[in-house]
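So the structure is just underneath, and the comments pick up after that.
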Amino acid sequence: MNDYCLVCDNHLKRELTWTSFIFPTIHSPICSICEAKLQLITGERCRICSRSLATLNKKFVQADVCLDCVRWEQDPHWNHCLKQNISLYHYNEFLKEIMALFKFRGDYILAEIFAQSLSRQLKKLSFDLIVAIPLSDERLKERGFNQAEALARMAGQETKAYLKRIHTEKQSKKTRDERLKQKQIFQFQGNSAEIKGKNIVLIDDIYTTGVTLRQAAQVLQQAGAKEIQAITVARG
């Protein structure tokens, strides 16, 4: 058991009782101070992308869908491609720091921070297969591991590699407009008969514009998948 917070390295205080000794519980790998800095998305949210609707002007919301998702659904090229994305946390400054360590400095163990939350949310979903958003071969070599796959594994889930990613410039370096205009970056790989009529959950770290998830969902849909949902740690 790790006795130190994965983020700030402070000692984790564990209260040992007879009950906890006989019926051990899964403790958070971060301290209560760091835990408090993670902002769960609560209240009204867009039913498609999980964007919090509390701070949005009403003119940017139609029923329970944000205007961005309304536009996605009005586009015949993308409508009904991604049923929904469920994000767990707001992408605040604290979470940005964690993700930078996780993704760009190769701190694999940080995926453990989100394991319990992801596991609980996945249990609420009905699906047949989980597909982690892949990295290109070049990016995988650079980072050492796929962060989306790490998140799934820490949550106790097995993923299927039905997608191959074409190497492009880092998403973080692209503007929103550049992301929205990017060409298809995924290809299907494997036996399409294995996903025909199946419900699939995509897993990734951050939902920003929604382009990456929709491109992945579109490729899986064209290969025969029935319904595609997504789960992400953060909503940017």
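Letters A, B, ... go to the chains of the structure tokens in the order shown; residues in each chain start at 1; ligands are counted from 1 in the same order.
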Could you please write out, as a PDB file with N, CA, C and O atoms, in the first residue's frame, every residue of region 64-152 of chain A that DSSP assigns to alpha helix (DSSP H)?
ATOM      1  N   LEU A  67     -24.930  24.137 -27.206  1.00  0.00           N
ATOM      2  CA  LEU A  67     -24.986  24.543 -28.607  1.00  0.00           C
ATOM      3  C   LEU A  67     -23.937  23.830 -29.453  1.00  0.00           C
ATOM      4  O   LEU A  67     -24.185  23.520 -30.618  1.00  0.00           O
ATOM      5  N   ASP A  68     -22.766  23.545 -28.878  1.00  0.00           N
ATOM      6  CA  ASP A  68     -21.734  22.816 -29.628  1.00  0.00           C
ATOM      7  C   ASP A  68     -22.257  21.460 -30.086  1.00  0.00           C
ATOM      8  O   ASP A  68     -22.075  21.072 -31.245  1.00  0.00           O
ATOM      9  N   CYS A  69     -22.903  20.752 -29.163  1.00  0.00           N
ATOM     10  CA  CYS A  69     -23.421  19.419 -29.506  1.00  0.00           C
ATOM     11  C   CYS A  69     -24.625  19.492 -30.439  1.00  0.00           C
ATOM     12  O   CYS A  69     -24.836  18.603 -31.265  1.00  0.00           O
ATOM     13  N   VAL A  70     -25.410  20.558 -30.320  1.00  0.00           N
ATOM     14  CA  VAL A  70     -26.521  20.770 -31.262  1.00  0.00           C
ATOM     15  C   VAL A  70     -25.954  20.859 -32.673  1.00  0.00           C
ATOM     16  O   VAL A  70     -26.475  20.243 -33.619  1.00  0.00           O
ATOM     17  N   ARG A  71     -24.863  21.605 -32.811  1.00  0.00           N
ATOM     18  CA  ARG A  71     -24.232  21.751 -34.133  1.00  0.00           C
ATOM     19  C   ARG A  71     -23.657  20.432 -34.636  1.00  0.00           C
ATOM     20  O   ARG A  71     -23.758  20.115 -35.828  1.00  0.00           O
ATOM     21  N   TRP A  72     -23.035  19.665 -33.746  1.00  0.00           N
ATOM     22  CA  TRP A  72     -22.526  18.356 -34.144  1.00  0.00           C
ATOM     23  C   TRP A  72     -23.668  17.492 -34.681  1.00  0.00           C
ATOM     24  O   TRP A  72     -23.534  16.835 -35.721  1.00  0.00           O
ATOM     25  N   GLU A  73     -24.791  17.492 -33.960  1.00  0.00           N
ATOM     26  CA  GLU A  73     -25.919  16.636 -34.339  1.00  0.00           C
ATOM     27  C   GLU A  73     -26.640  17.136 -35.585  1.00  0.00           C
ATOM     28  O   GLU A  73     -27.316  16.354 -36.263  1.00  0.00           O
ATOM     29  N   GLN A  74     -26.498  18.406 -35.885  1.00  0.00           N
ATOM     30  CA  GLN A  74     -27.119  18.950 -37.097  1.00  0.00           C
ATOM     31  C   GLN A  74     -26.273  18.678 -38.342  1.00  0.00           C
ATOM     32  O   GLN A  74     -26.765  18.803 -39.465  1.00  0.00           O
ATOM     33  N   GLU A  93      -7.073  23.954 -13.035  1.00  0.00           N
ATOM     34  CA  GLU A  93      -5.616  24.070 -13.045  1.00  0.00           C
ATOM     35  C   GLU A  93      -4.942  22.898 -12.340  1.00  0.00           C
ATOM     36  O   GLU A  93      -3.885  22.422 -12.764  1.00  0.00           O
ATOM     37  N   PHE A  94      -5.543  22.431 -11.255  1.00  0.00           N
ATOM     38  CA  PHE A  94      -4.973  21.311 -10.520  1.00  0.00           C
ATOM     39  C   PHE A  94      -4.947  20.047 -11.374  1.00  0.00           C
ATOM     40  O   PHE A  94      -3.943  19.330 -11.431  1.00  0.00           O
ATOM     41  N   LEU A  95      -6.062  19.781 -12.065  1.00  0.00           N
ATOM     42  CA  LEU A  95      -6.130  18.592 -12.908  1.00  0.00           C
ATOM     43  C   LEU A  95      -5.203  18.727 -14.118  1.00  0.00           C
ATOM     44  O   LEU A  95      -4.627  17.730 -14.585  1.00  0.00           O
ATOM     45  N   LYS A  96      -5.023  19.939 -14.607  1.00  0.00           N
ATOM     46  CA  LYS A  96      -4.081  20.162 -15.710  1.00  0.00           C
ATOM     47  C   LYS A  96      -2.667  19.759 -15.300  1.00  0.00           C
ATOM     48  O   LYS A  96      -1.921  19.164 -16.084  1.00  0.00           O
ATOM     49  N   GLU A  97      -2.295  20.093 -14.067  1.00  0.00           N
ATOM     50  CA  GLU A  97      -0.972  19.732 -13.559  1.00  0.00           C
ATOM     51  C   GLU A  97      -0.812  18.216 -13.479  1.00  0.00           C
ATOM     52  O   GLU A  97       0.225  17.665 -13.849  1.00  0.00           O
ATOM     53  N   ILE A  98      -1.851  17.555 -12.979  1.00  0.00           N
ATOM     54  CA  ILE A  98      -1.799  16.096 -12.869  1.00  0.00           C
ATOM     55  C   ILE A  98      -1.678  15.462 -14.254  1.00  0.00           C
ATOM     56  O   ILE A  98      -0.873  14.553 -14.478  1.00  0.00           O
ATOM     57  N   MET A  99      -2.472  15.952 -15.207  1.00  0.00           N
ATOM     58  CA  MET A  99      -2.450  15.390 -16.553  1.00  0.00           C
ATOM     59  C   MET A  99      -1.115  15.621 -17.245  1.00  0.00           C
ATOM     60  O   MET A  99      -0.651  14.789 -18.030  1.00  0.00           O
ATOM     61  N   ALA A 100      -0.481  16.754 -16.965  1.00  0.00           N
ATOM     62  CA  ALA A 100       0.830  17.024 -17.554  1.00  0.00           C
ATOM     63  C   ALA A 100       1.860  16.014 -17.050  1.00  0.00           C
ATOM     64  O   ALA A 100       2.686  15.501 -17.821  1.00  0.00           O
ATOM     65  N   LEU A 101       1.810  15.716 -15.770  1.00  0.00           N
ATOM     66  CA  LEU A 101       2.706  14.714 -15.193  1.00  0.00           C
ATOM     67  C   LEU A 101       2.398  13.325 -15.743  1.00  0.00           C
ATOM     68  O   LEU A 101       3.296  12.542 -16.056  1.00  0.00           O
ATOM     69  N   PHE A 102       1.122  13.033 -15.866  1.00  0.00           N
ATOM     70  CA  PHE A 102       0.657  11.724 -16.321  1.00  0.00           C
ATOM     71  C   PHE A 102       1.009  11.476 -17.781  1.00  0.00           C
ATOM     72  O   PHE A 102       1.588  10.438 -18.136  1.00  0.00           O
ATOM     73  N   LYS A 103       0.706  12.435 -18.638  1.00  0.00           N
ATOM     74  CA  LYS A 103       0.862  12.251 -20.070  1.00  0.00           C
ATOM     75  C   LYS A 103       2.263  12.540 -20.580  1.00  0.00           C
ATOM     76  O   LYS A 103       2.815  11.784 -21.383  1.00  0.00           O
ATOM     77  N   PHE A 104       2.837  13.647 -20.137  1.00  0.00           N
ATOM     78  CA  PHE A 104       4.068  14.114 -20.762  1.00  0.00           C
ATOM     79  C   PHE A 104       5.341  13.791 -19.981  1.00  0.00           C
ATOM     80  O   PHE A 104       6.429  13.891 -20.503  1.00  0.00           O
ATOM     81  N   ALA A 115      -9.014   5.666 -10.816  1.00  0.00           N
ATOM     82  CA  ALA A 115      -9.465   4.281 -10.979  1.00  0.00           C
ATOM     83  C   ALA A 115     -10.840   4.024 -10.367  1.00  0.00           C
ATOM     84  O   ALA A 115     -11.723   3.438 -11.011  1.00  0.00           O
ATOM     85  N   GLN A 116     -11.049   4.448  -9.128  1.00  0.00           N
ATOM     86  CA  GLN A 116     -12.319   4.174  -8.457  1.00  0.00           C
ATOM     87  C   GLN A 116     -13.488   4.884  -9.133  1.00  0.00           C
ATOM     88  O   GLN A 116     -14.544   4.293  -9.341  1.00  0.00           O
ATOM     89  N   SER A 117     -13.284   6.147  -9.484  1.00  0.00           N
ATOM     90  CA  SER A 117     -14.356   6.923 -10.129  1.00  0.00           C
ATOM     91  C   SER A 117     -14.713   6.347 -11.490  1.00  0.00           C
ATOM     92  O   SER A 117     -15.891   6.242 -11.845  1.00  0.00           O
ATOM     93  N   LEU A 118     -13.687   5.979 -12.257  1.00  0.00           N
ATOM     94  CA  LEU A 118     -13.939   5.390 -13.573  1.00  0.00           C
ATOM     95  C   LEU A 118     -14.648   4.045 -13.444  1.00  0.00           C
ATOM     96  O   LEU A 118     -15.583   3.747 -14.194  1.00  0.00           O
ATOM     97  N   SER A 119     -14.210   3.248 -12.483  1.00  0.00           N
ATOM     98  CA  SER A 119     -14.819   1.938 -12.279  1.00  0.00           C
ATOM     99  C   SER A 119     -16.300   2.065 -11.910  1.00  0.00           C
ATOM    100  O   SER A 119     -17.152   1.340 -12.451  1.00  0.00           O
ATOM    101  N   ARG A 120     -16.598   2.991 -11.009  1.00  0.00           N
ATOM    102  CA  ARG A 120     -18.003   3.196 -10.601  1.00  0.00           C
ATOM    103  C   ARG A 120     -18.853   3.640 -11.780  1.00  0.00           C
ATOM    104  O   ARG A 120     -19.986   3.179 -11.953  1.00  0.00           O
ATOM    105  N   GLN A 121     -18.321   4.543 -12.597  1.00  0.00           N
ATOM    106  CA  GLN A 121     -19.095   5.053 -13.721  1.00  0.00           C
ATOM    107  C   GLN A 121     -19.301   3.981 -14.789  1.00  0.00           C
ATOM    108  O   GLN A 121     -20.383   3.861 -15.368  1.00  0.00           O
ATOM    109  N   LEU A 122     -18.278   3.182 -15.038  1.00  0.00           N
ATOM    110  CA  LEU A 122     -18.387   2.135 -16.048  1.00  0.00           C
ATOM    111  C   LEU A 122     -19.428   1.086 -15.662  1.00  0.00           C
ATOM    112  O   LEU A 122     -20.093   0.510 -16.525  1.00  0.00           O
ATOM    113  N   LYS A 123     -19.581   0.848 -14.372  1.00  0.00           N
ATOM    114  CA  LYS A 123     -20.574  -0.118 -13.902  1.00  0.00           C
ATOM    115  C   LYS A 123     -22.005   0.348 -14.187  1.00  0.00           C
ATOM    116  O   LYS A 123     -22.940  -0.454 -14.210  1.00  0.00           O
ATOM    117  N   ASP A 137       2.128   5.323 -33.317  1.00  0.00           N
ATOM    118  CA  ASP A 137       3.324   4.569 -32.937  1.00  0.00           C
ATOM    119  C   ASP A 137       4.434   5.515 -32.480  1.00  0.00           C
ATOM    120  O   ASP A 137       5.152   5.229 -31.515  1.00  0.00           O
ATOM    121  N   GLU A 138       4.560   6.651 -33.163  1.00  0.00           N
ATOM    122  CA  GLU A 138       5.602   7.618 -32.821  1.00  0.00           C
ATOM    123  C   GLU A 138       5.362   8.222 -31.440  1.00  0.00           C
ATOM    124  O   GLU A 138       6.283   8.367 -30.634  1.00  0.00           O
ATOM    125  N   ARG A 139       4.104   8.595 -31.170  1.00  0.00           N
ATOM    126  CA  ARG A 139       3.781   9.199 -29.877  1.00  0.00           C
ATOM    127  C   ARG A 139       3.893   8.174 -28.740  1.00  0.00           C
ATOM    128  O   ARG A 139       4.318   8.513 -27.636  1.00  0.00           O
ATOM    129  N   LEU A 140       3.539   6.929 -29.025  1.00  0.00           N
ATOM    130  CA  LEU A 140       3.648   5.876 -28.015  1.00  0.00           C
ATOM    131  C   LEU A 140       5.116   5.658 -27.632  1.00  0.00           C
ATOM    132  O   LEU A 140       5.445   5.497 -26.452  1.00  0.00           O
ATOM    133  N   LYS A 141       5.983   5.674 -28.610  1.00  0.00           N
ATOM    134  CA  LYS A 141       7.416   5.512 -28.348  1.00  0.00           C
ATOM    135  C   LYS A 141       7.937   6.682 -27.519  1.00  0.00           C
ATOM    136  O   LYS A 141       8.767   6.514 -26.616  1.00  0.00           O
ATOM    137  N   GLU A 142       7.420   7.868 -27.808  1.00  0.00           N
ATOM    138  CA  GLU A 142       7.839   9.079 -27.107  1.00  0.00           C
ATOM    139  C   GLU A 142       7.394   9.075 -25.645  1.00  0.00           C
ATOM    140  O   GLU A 142       8.153   9.427 -24.745  1.00  0.00           O
ATOM    141  N   ARG A 143       6.162   8.646 -25.381  1.00  0.00           N
ATOM    142  CA  ARG A 143       5.595   8.703 -24.025  1.00  0.00           C
ATOM    143  C   ARG A 143       5.839   7.434 -23.221  1.00  0.00           C
ATOM    144  O   ARG A 143       5.846   7.469 -21.996  1.00  0.00           O
ATOM    145  N   GLN A 147      -1.930   6.633 -22.298  1.00  0.00           N
ATOM    146  CA  GLN A 147      -2.604   7.078 -21.078  1.00  0.00           C
ATOM    147  C   GLN A 147      -4.050   6.592 -20.996  1.00  0.00           C
ATOM    148  O   GLN A 147      -4.554   6.271 -19.908  1.00  0.00           O
ATOM    149  N   ALA A 148      -4.744   6.494 -22.126  1.00  0.00           N
ATOM    150  CA  ALA A 148      -6.136   6.020 -22.111  1.00  0.00           C
ATOM    151  C   ALA A 148      -6.200   4.546 -21.707  1.00  0.00           C
ATOM    152  O   ALA A 148      -7.069   4.128 -20.944  1.00  0.00           O
ATOM    153  N   GLU A 149      -5.255   3.762 -22.214  1.00  0.00           N
ATOM    154  CA  GLU A 149      -5.205   2.348 -21.860  1.00  0.00           C
ATOM    155  C   GLU A 149      -4.840   2.181 -20.381  1.00  0.00           C
ATOM    156  O   GLU A 149      -5.372   1.308 -19.690  1.00  0.00           O
ATOM    157  N   ALA A 150      -3.946   3.038 -19.892  1.00  0.00           N
ATOM    158  CA  ALA A 150      -3.558   2.993 -18.482  1.00  0.00           C
ATOM    159  C   ALA A 150      -4.757   3.265 -17.581  1.00  0.00           C
ATOM    160  O   ALA A 150      -4.944   2.604 -16.552  1.00  0.00           O
ATOM    161  N   LEU A 151      -5.591   4.217 -17.959  1.00  0.00           N
ATOM    162  CA  LEU A 151      -6.787   4.551 -17.182  1.00  0.00           C
ATOM    163  C   LEU A 151      -7.732   3.350 -17.111  1.00  0.00           C
ATOM    164  O   LEU A 151      -8.274   3.030 -16.054  1.00  0.00           O
ATOM    165  N   ALA A 152      -7.917   2.687 -18.261  1.00  0.00           N
ATOM    166  CA  ALA A 152      -8.809   1.523 -18.300  1.00  0.00           C
ATOM    167  C   ALA A 152      -8.272   0.386 -17.439  1.00  0.00           C
ATOM    168  O   ALA A 152      -9.012  -0.233 -16.673  1.00  0.00           O
TER     169      ALA A 152
END
I'd like the contact shell of region 38-42 of chain A - 10 Å cut-off, only C-alpha atoms, skipping same-chain residues fewer than 3 positions apart - returned as an MDAnalysis selection string. chainID A and resid 33:35 45 50:54 86:95 117 233:235
Can you write just those residues out, N, CA, C and O atoms, as a PDB file, in the first residue's frame?
ATOM      1  N   ILE A  33      -6.532  16.870   0.986  1.00  0.00           N
ATOM      2  CA  ILE A  33      -6.316  18.229   0.460  1.00  0.00           C
ATOM      3  C   ILE A  33      -6.303  18.209  -1.065  1.00  0.00           C
ATOM      4  O   ILE A  33      -6.946  19.032  -1.722  1.00  0.00           O
ATOM      5  N   CYS A  34      -5.578  17.252  -1.625  1.00  0.00           N
ATOM      6  CA  CYS A  34      -5.531  17.135  -3.088  1.00  0.00           C
ATOM      7  C   CYS A  34      -6.871  16.651  -3.639  1.00  0.00           C
ATOM      8  O   CYS A  34      -7.313  17.095  -4.701  1.00  0.00           O
ATOM      9  N   GLU A  35      -7.513  15.751  -2.912  1.00  0.00           N
ATOM     10  CA  GLU A  35      -8.825  15.252  -3.318  1.00  0.00           C
ATOM     11  C   GLU A  35      -9.815  16.392  -3.458  1.00  0.00           C
ATOM     12  O   GLU A  35     -10.633  16.428  -4.391  1.00  0.00           O
ATOM     13  N   ARG A  45     -25.879  19.011 -16.750  1.00  0.00           N
ATOM     14  CA  ARG A  45     -24.807  18.928 -17.735  1.00  0.00           C
ATOM     15  C   ARG A  45     -25.391  18.568 -19.089  1.00  0.00           C
ATOM     16  O   ARG A  45     -26.500  18.023 -19.169  1.00  0.00           O
ATOM     17  N   SER A  50     -21.313  16.225 -21.552  1.00  0.00           N
ATOM     18  CA  SER A  50     -21.051  16.405 -20.107  1.00  0.00           C
ATOM     19  C   SER A  50     -20.626  17.820 -19.726  1.00  0.00           C
ATOM     20  O   SER A  50     -20.220  18.058 -18.590  1.00  0.00           O
ATOM     21  N   ARG A  51     -20.730  18.748 -20.618  1.00  0.00           N
ATOM     22  CA  ARG A  51     -20.386  20.130 -20.272  1.00  0.00           C
ATOM     23  C   ARG A  51     -21.360  20.650 -19.218  1.00  0.00           C
ATOM     24  O   ARG A  51     -22.576  20.468 -19.336  1.00  0.00           O
ATOM     25  N   SER A  52     -20.827  21.286 -18.180  1.00  0.00           N
ATOM     26  CA  SER A  52     -21.684  21.838 -17.138  1.00  0.00           C
ATOM     27  C   SER A  52     -22.520  22.970 -17.724  1.00  0.00           C
ATOM     28  O   SER A  52     -21.997  23.863 -18.399  1.00  0.00           O
ATOM     29  N   LEU A  53     -23.829  22.935 -17.479  1.00  0.00           N
ATOM     30  CA  LEU A  53     -24.727  23.951 -18.031  1.00  0.00           C
ATOM     31  C   LEU A  53     -24.970  25.106 -17.062  1.00  0.00           C
ATOM     32  O   LEU A  53     -25.568  26.111 -17.429  1.00  0.00           O
ATOM     33  N   ALA A  54     -24.462  24.959 -15.849  1.00  0.00           N
ATOM     34  CA  ALA A  54     -24.723  25.961 -14.810  1.00  0.00           C
ATOM     35  C   ALA A  54     -24.207  27.347 -15.166  1.00  0.00           C
ATOM     36  O   ALA A  54     -24.848  28.353 -14.850  1.00  0.00           O
ATOM     37  N   ILE A  86     -19.261  10.847 -21.073  1.00  0.00           N
ATOM     38  CA  ILE A  86     -19.401  11.128 -19.645  1.00  0.00           C
ATOM     39  C   ILE A  86     -18.036  11.524 -19.101  1.00  0.00           C
ATOM     40  O   ILE A  86     -17.102  10.715 -19.111  1.00  0.00           O
ATOM     41  N   SER A  87     -17.912  12.765 -18.683  1.00  0.00           N
ATOM     42  CA  SER A  87     -16.673  13.243 -18.067  1.00  0.00           C
ATOM     43  C   SER A  87     -16.869  13.309 -16.561  1.00  0.00           C
ATOM     44  O   SER A  87     -17.952  13.643 -16.081  1.00  0.00           O
ATOM     45  N   LEU A  88     -15.817  13.008 -15.824  1.00  0.00           N
ATOM     46  CA  LEU A  88     -15.907  12.968 -14.370  1.00  0.00           C
ATOM     47  C   LEU A  88     -15.615  14.301 -13.700  1.00  0.00           C
ATOM     48  O   LEU A  88     -16.302  14.696 -12.762  1.00  0.00           O
ATOM     49  N   TYR A  89     -14.581  15.002 -14.178  1.00  0.00           N
ATOM     50  CA  TYR A  89     -14.110  16.207 -13.488  1.00  0.00           C
ATOM     51  C   TYR A  89     -14.006  17.418 -14.415  1.00  0.00           C
ATOM     52  O   TYR A  89     -13.831  17.277 -15.627  1.00  0.00           O
ATOM     53  N   HIS A  90     -14.084  18.596 -13.800  1.00  0.00           N
ATOM     54  CA  HIS A  90     -13.772  19.827 -14.518  1.00  0.00           C
ATOM     55  C   HIS A  90     -12.264  19.871 -14.751  1.00  0.00           C
ATOM     56  O   HIS A  90     -11.485  19.467 -13.877  1.00  0.00           O
ATOM     57  N   TYR A  91     -11.868  20.382 -15.890  1.00  0.00           N
ATOM     58  CA  TYR A  91     -10.440  20.458 -16.229  1.00  0.00           C
ATOM     59  C   TYR A  91      -9.850  21.747 -15.639  1.00  0.00           C
ATOM     60  O   TYR A  91      -9.500  22.675 -16.357  1.00  0.00           O
ATOM     61  N   ASN A  92      -9.739  21.775 -14.310  1.00  0.00           N
ATOM     62  CA  ASN A  92      -9.211  22.969 -13.644  1.00  0.00           C
ATOM     63  C   ASN A  92      -7.680  22.935 -13.625  1.00  0.00           C
ATOM     64  O   ASN A  92      -7.048  22.000 -14.114  1.00  0.00           O
ATOM     65  N   GLU A  93      -7.073  23.954 -13.035  1.00  0.00           N
ATOM     66  CA  GLU A  93      -5.616  24.070 -13.045  1.00  0.00           C
ATOM     67  C   GLU A  93      -4.942  22.898 -12.340  1.00  0.00           C
ATOM     68  O   GLU A  93      -3.885  22.422 -12.764  1.00  0.00           O
ATOM     69  N   PHE A  94      -5.543  22.431 -11.255  1.00  0.00           N
ATOM     70  CA  PHE A  94      -4.973  21.311 -10.520  1.00  0.00           C
ATOM     71  C   PHE A  94      -4.947  20.047 -11.374  1.00  0.00           C
ATOM     72  O   PHE A  94      -3.943  19.330 -11.431  1.00  0.00           O
ATOM     73  N   LEU A  95      -6.062  19.781 -12.065  1.00  0.00           N
ATOM     74  CA  LEU A  95      -6.130  18.592 -12.908  1.00  0.00           C
ATOM     75  C   LEU A  95      -5.203  18.727 -14.118  1.00  0.00           C
ATOM     76  O   LEU A  95      -4.627  17.730 -14.585  1.00  0.00           O
ATOM     77  N   SER A 117     -13.284   6.147  -9.484  1.00  0.00           N
ATOM     78  CA  SER A 117     -14.356   6.923 -10.129  1.00  0.00           C
ATOM     79  C   SER A 117     -14.713   6.347 -11.490  1.00  0.00           C
ATOM     80  O   SER A 117     -15.891   6.242 -11.845  1.00  0.00           O
ATOM     81  N   VAL A 233     -11.855  11.383 -18.246  1.00  0.00           N
ATOM     82  CA  VAL A 233     -11.570  11.892 -16.908  1.00  0.00           C
ATOM     83  C   VAL A 233     -12.043  13.327 -16.773  1.00  0.00           C
ATOM     84  O   VAL A 233     -12.677  13.710 -15.783  1.00  0.00           O
ATOM     85  N   ALA A 234     -11.747  14.148 -17.769  1.00  0.00           N
ATOM     86  CA  ALA A 234     -12.028  15.580 -17.655  1.00  0.00           C
ATOM     87  C   ALA A 234     -12.801  16.133 -18.845  1.00  0.00           C
ATOM     88  O   ALA A 234     -12.683  15.632 -19.964  1.00  0.00           O
ATOM     89  N   ARG A 235     -13.577  17.189 -18.557  1.00  0.00           N
ATOM     90  CA  ARG A 235     -14.256  17.944 -19.621  1.00  0.00           C
ATOM     91  C   ARG A 235     -13.575  19.290 -19.717  1.00  0.00           C
ATOM     92  O   ARG A 235     -13.636  20.113 -18.811  1.00  0.00           O
TER      93      ARG A 235
END
Write out as number ranges by chain the residues lying within 6 Å of region 185-190 of chain A, counting only C-alpha atoms and excluding same-chain residues fewer than 4 positions away. A: 162-166
Take the residues from that selection and write them out as a PDB file, in the first residue's frame, keeping N, CA and C atoms.
ATOM      1  N   TYR A 162      -8.980  -1.911 -31.626  1.00  0.00           N
ATOM      2  CA  TYR A 162      -9.599  -1.900 -32.948  1.00  0.00           C
ATOM      3  C   TYR A 162      -9.292  -0.629 -33.744  1.00  0.00           C
ATOM      4  N   LEU A 163      -8.563   0.283 -33.124  1.00  0.00           N
ATOM      5  CA  LEU A 163      -8.248   1.538 -33.801  1.00  0.00           C
ATOM      6  C   LEU A 163      -6.742   1.728 -33.926  1.00  0.00           C
ATOM      7  N   LYS A 164      -6.334   2.225 -35.061  1.00  0.00           N
ATOM      8  CA  LYS A 164      -4.940   2.622 -35.283  1.00  0.00           C
ATOM      9  C   LYS A 164      -4.929   4.115 -35.563  1.00  0.00           C
ATOM     10  N   ARG A 165      -4.001   4.826 -34.944  1.00  0.00           N
ATOM     11  CA  ARG A 165      -3.954   6.277 -35.080  1.00  0.00           C
ATOM     12  C   ARG A 165      -2.855   6.713 -36.041  1.00  0.00           C
ATOM     13  N   ILE A 166      -3.204   7.615 -36.931  1.00  0.00           N
ATOM     14  CA  ILE A 166      -2.245   8.190 -37.874  1.00  0.00           C
ATOM     15  C   ILE A 166      -1.485   9.292 -37.154  1.00  0.00           C
TER      16      ILE A 166
END
Based on DSSP run over this structure's backbone, return all residues of region 6-224 of chain A in strand (DSSP E or B), as a ChimeraX atom specification. /A:11,40,45,52,61-62,65-66,84-90,129-132,163-165,186-188,199-207
Which residues are close to Thr55 (chain A), i.e. within 12 Å by only C-alpha atoms, leaving aside same-chain residues fewer than 6 positions away? Reply as a ChimeraX atom specification. /A:43-46,61,66
Pull N, CA and C atoms from the residues just selected and write them as a PDB file, in the first residue's frame.
ATOM      1  N   GLY A  43     -24.563  18.568 -10.969  1.00  0.00           N
ATOM      2  CA  GLY A  43     -25.653  19.408 -11.449  1.00  0.00           C
ATOM      3  C   GLY A  43     -25.980  19.143 -12.908  1.00  0.00           C
ATOM      4  N   GLU A  44     -26.671  20.099 -13.518  1.00  0.00           N
ATOM      5  CA  GLU A  44     -27.081  19.938 -14.913  1.00  0.00           C
ATOM      6  C   GLU A  44     -25.880  19.944 -15.835  1.00  0.00           C
ATOM      7  N   ARG A  45     -25.879  19.011 -16.750  1.00  0.00           N
ATOM      8  CA  ARG A  45     -24.807  18.928 -17.735  1.00  0.00           C
ATOM      9  C   ARG A  45     -25.391  18.568 -19.089  1.00  0.00           C
ATOM     10  N   CYS A  46     -24.664  18.884 -20.143  1.00  0.00           N
ATOM     11  CA  CYS A  46     -25.102  18.507 -21.485  1.00  0.00           C
ATOM     12  C   CYS A  46     -25.185  16.987 -21.538  1.00  0.00           C
ATOM     13  N   VAL A  61     -27.918  26.926 -24.902  1.00  0.00           N
ATOM     14  CA  VAL A  61     -28.432  25.621 -24.498  1.00  0.00           C
ATOM     15  C   VAL A  61     -29.800  25.387 -25.129  1.00  0.00           C
ATOM     16  N   CYS A  66     -25.900  21.359 -25.081  1.00  0.00           N
ATOM     17  CA  CYS A  66     -25.187  22.613 -25.345  1.00  0.00           C
ATOM     18  C   CYS A  66     -25.160  22.889 -26.847  1.00  0.00           C
TER      19      CYS A  66
END
I'd like the interatomic distance between CA of Ile48 (chain A) and CA of Val65 (chain A), to a tenth of an Å.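 Interatomic distance, CA of Ile48 (chain A) to CA of Val65 (chain A): 6.6 Å.
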Give me the residues near region 207-212 of chain A as a list in words, where near means some atom within 7 Å (using only C-alpha atoms) and where sequence neighbours in that chain fewer than 2 positions away do not count.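 These residues fall inside the cut-off: Arg176, Arg179, Leu180, Arg214, Gln215, Ala216, Thr232, Ala234, Arg235 and Gly236 of chain A.
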Residue among A:Ala193, A:Asp128, A:Lys59, A:Asp64 lying closest to Gln222 (chain A), counting only C-alpha atoms: A:Ala193
